[in-house]
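Everything below concerns the one structure shown next.
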Amino acid sequence: MKKAVATSLFIISVNSLIGFIGDVENIDIDWTFLLSFSAIAVVGIFIGVWLNKFVNEKKLKTGFGWFVLVMALYILFKEYS
């Protein structure tokens, strides 16, 4: 399960990077905000790696399932309202 979550996040980050590269020439980017946000994200990555040692895999699987369900419901609500 932990590998599945890590793989999912890796794919999301690659997709985001490709989208960013496509937009870099077309829009003005607030580099200060982007670098600040990226720095906070990197700190979050290190905290997540550390917390990973303490999380039960079964609870992680259950939590990830609930997260996916909530996100699906949110997307459906936004799409049809």
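Ordering of the structure tokens sets the chain letters (A, B, ...); residue numbers start at 1 within each chain; ligands are numbered from 1 in the order shown.
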DSSP says helix (DSSP H, G or I) for which residues of chain A? Put them as a ChimeraX atom specification? /A:2-23,31-52,57-79
Find the spatial neighbours of range 57-70 of chain A, counting only C-alpha atoms, within a cut-off of 12 Å - ignore same-chain residues fewer than 4 positions away - and output them as a list of chain:residue names.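 My reading of the contact set: A:Met1, A:Lys2, A:Lys3, A:Ala4, A:Val5, A:Ala6, A:Ser8, A:Leu51, A:Asn52, A:Lys53, A:Tyr74, A:Ile75, A:Leu76, A:Phe77.
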Write the residues of the selection above to a file with N, CA and C atoms, as a PDB file, in the first residue's frame.
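The result, stored in selection_22.pdb:
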```pdb
ATOM      1  N   MET A   1       0.829  -1.204   0.000  1.00  0.00           N
ATOM      2  CA  MET A   1       0.000   0.000   0.000  1.00  0.00           C
ATOM      3  C   MET A   1       0.860   1.249   0.000  1.00  0.00           C
ATOM      4  N   LYS A   2       1.922   1.236   0.794  1.00  0.00           N
ATOM      5  CA  LYS A   2       2.778   2.416   0.846  1.00  0.00           C
ATOM      6  C   LYS A   2       3.417   2.687  -0.509  1.00  0.00           C
ATOM      7  N   LYS A   3       3.780   1.605  -1.220  1.00  0.00           N
ATOM      8  CA  LYS A   3       4.353   1.782  -2.564  1.00  0.00           C
ATOM      9  C   LYS A   3       3.308   2.323  -3.534  1.00  0.00           C
ATOM     10  N   ALA A   4       2.052   1.885  -3.378  1.00  0.00           N
ATOM     11  CA  ALA A   4       0.989   2.373  -4.258  1.00  0.00           C
ATOM     12  C   ALA A   4       0.762   3.868  -4.058  1.00  0.00           C
ATOM     13  N   VAL A   5       0.759   4.310  -2.817  1.00  0.00           N
ATOM     14  CA  VAL A   5       0.575   5.733  -2.530  1.00  0.00           C
ATOM     15  C   VAL A   5       1.760   6.526  -3.081  1.00  0.00           C
ATOM     16  N   ALA A   6       2.955   6.028  -2.860  1.00  0.00           N
ATOM     17  CA  ALA A   6       4.153   6.725  -3.358  1.00  0.00           C
ATOM     18  C   ALA A   6       4.145   6.789  -4.875  1.00  0.00           C
ATOM     19  N   SER A   8       1.504   6.708  -6.844  1.00  0.00           N
ATOM     20  CA  SER A   8       0.448   7.639  -7.225  1.00  0.00           C
ATOM     21  C   SER A   8       0.923   9.083  -7.104  1.00  0.00           C
ATOM     22  N   LEU A  51       7.091  10.383   9.288  1.00  0.00           N
ATOM     23  CA  LEU A  51       5.852   9.863   9.853  1.00  0.00           C
ATOM     24  C   LEU A  51       5.509   8.475   9.299  1.00  0.00           C
ATOM     25  N   ASN A  52       6.004   8.183   8.113  1.00  0.00           N
ATOM     26  CA  ASN A  52       5.751   6.892   7.482  1.00  0.00           C
ATOM     27  C   ASN A  52       6.200   5.720   8.360  1.00  0.00           C
ATOM     28  N   LYS A  53       7.190   5.948   9.182  1.00  0.00           N
ATOM     29  CA  LYS A  53       7.692   4.902  10.066  1.00  0.00           C
ATOM     30  C   LYS A  53       6.672   4.514  11.142  1.00  0.00           C
ATOM     31  N   TYR A  74     -16.668  14.844  -4.171  1.00  0.00           N
ATOM     32  CA  TYR A  74     -16.465  16.280  -4.355  1.00  0.00           C
ATOM     33  C   TYR A  74     -16.457  16.629  -5.843  1.00  0.00           C
ATOM     34  N   ILE A  75     -15.745  15.846  -6.641  1.00  0.00           N
ATOM     35  CA  ILE A  75     -15.674  16.111  -8.080  1.00  0.00           C
ATOM     36  C   ILE A  75     -17.054  15.968  -8.721  1.00  0.00           C
ATOM     37  N   LEU A  76     -17.781  14.917  -8.344  1.00  0.00           N
ATOM     38  CA  LEU A  76     -19.131  14.750  -8.879  1.00  0.00           C
ATOM     39  C   LEU A  76     -20.043  15.909  -8.484  1.00  0.00           C
ATOM     40  N   PHE A  77     -19.947  16.343  -7.239  1.00  0.00           N
ATOM     41  CA  PHE A  77     -20.763  17.472  -6.777  1.00  0.00           C
ATOM     42  C   PHE A  77     -20.433  18.739  -7.559  1.00  0.00           C
TER      43      PHE A  77
END
```
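The nearest approach to Ile45 in chain A among the residues A:Ser81, A:Asn15, A:Trp31, A:Leu9, with only C-alpha atoms taken into account, belongs to A:Leu9.
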To one decimal place in Å, what is the distance between CA of Ala39 in chain A and CA of Val55 in chain A?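 One can read the CA of Ala39 in chain A to CA of Val55 in chain A distance as 24.2 Å.
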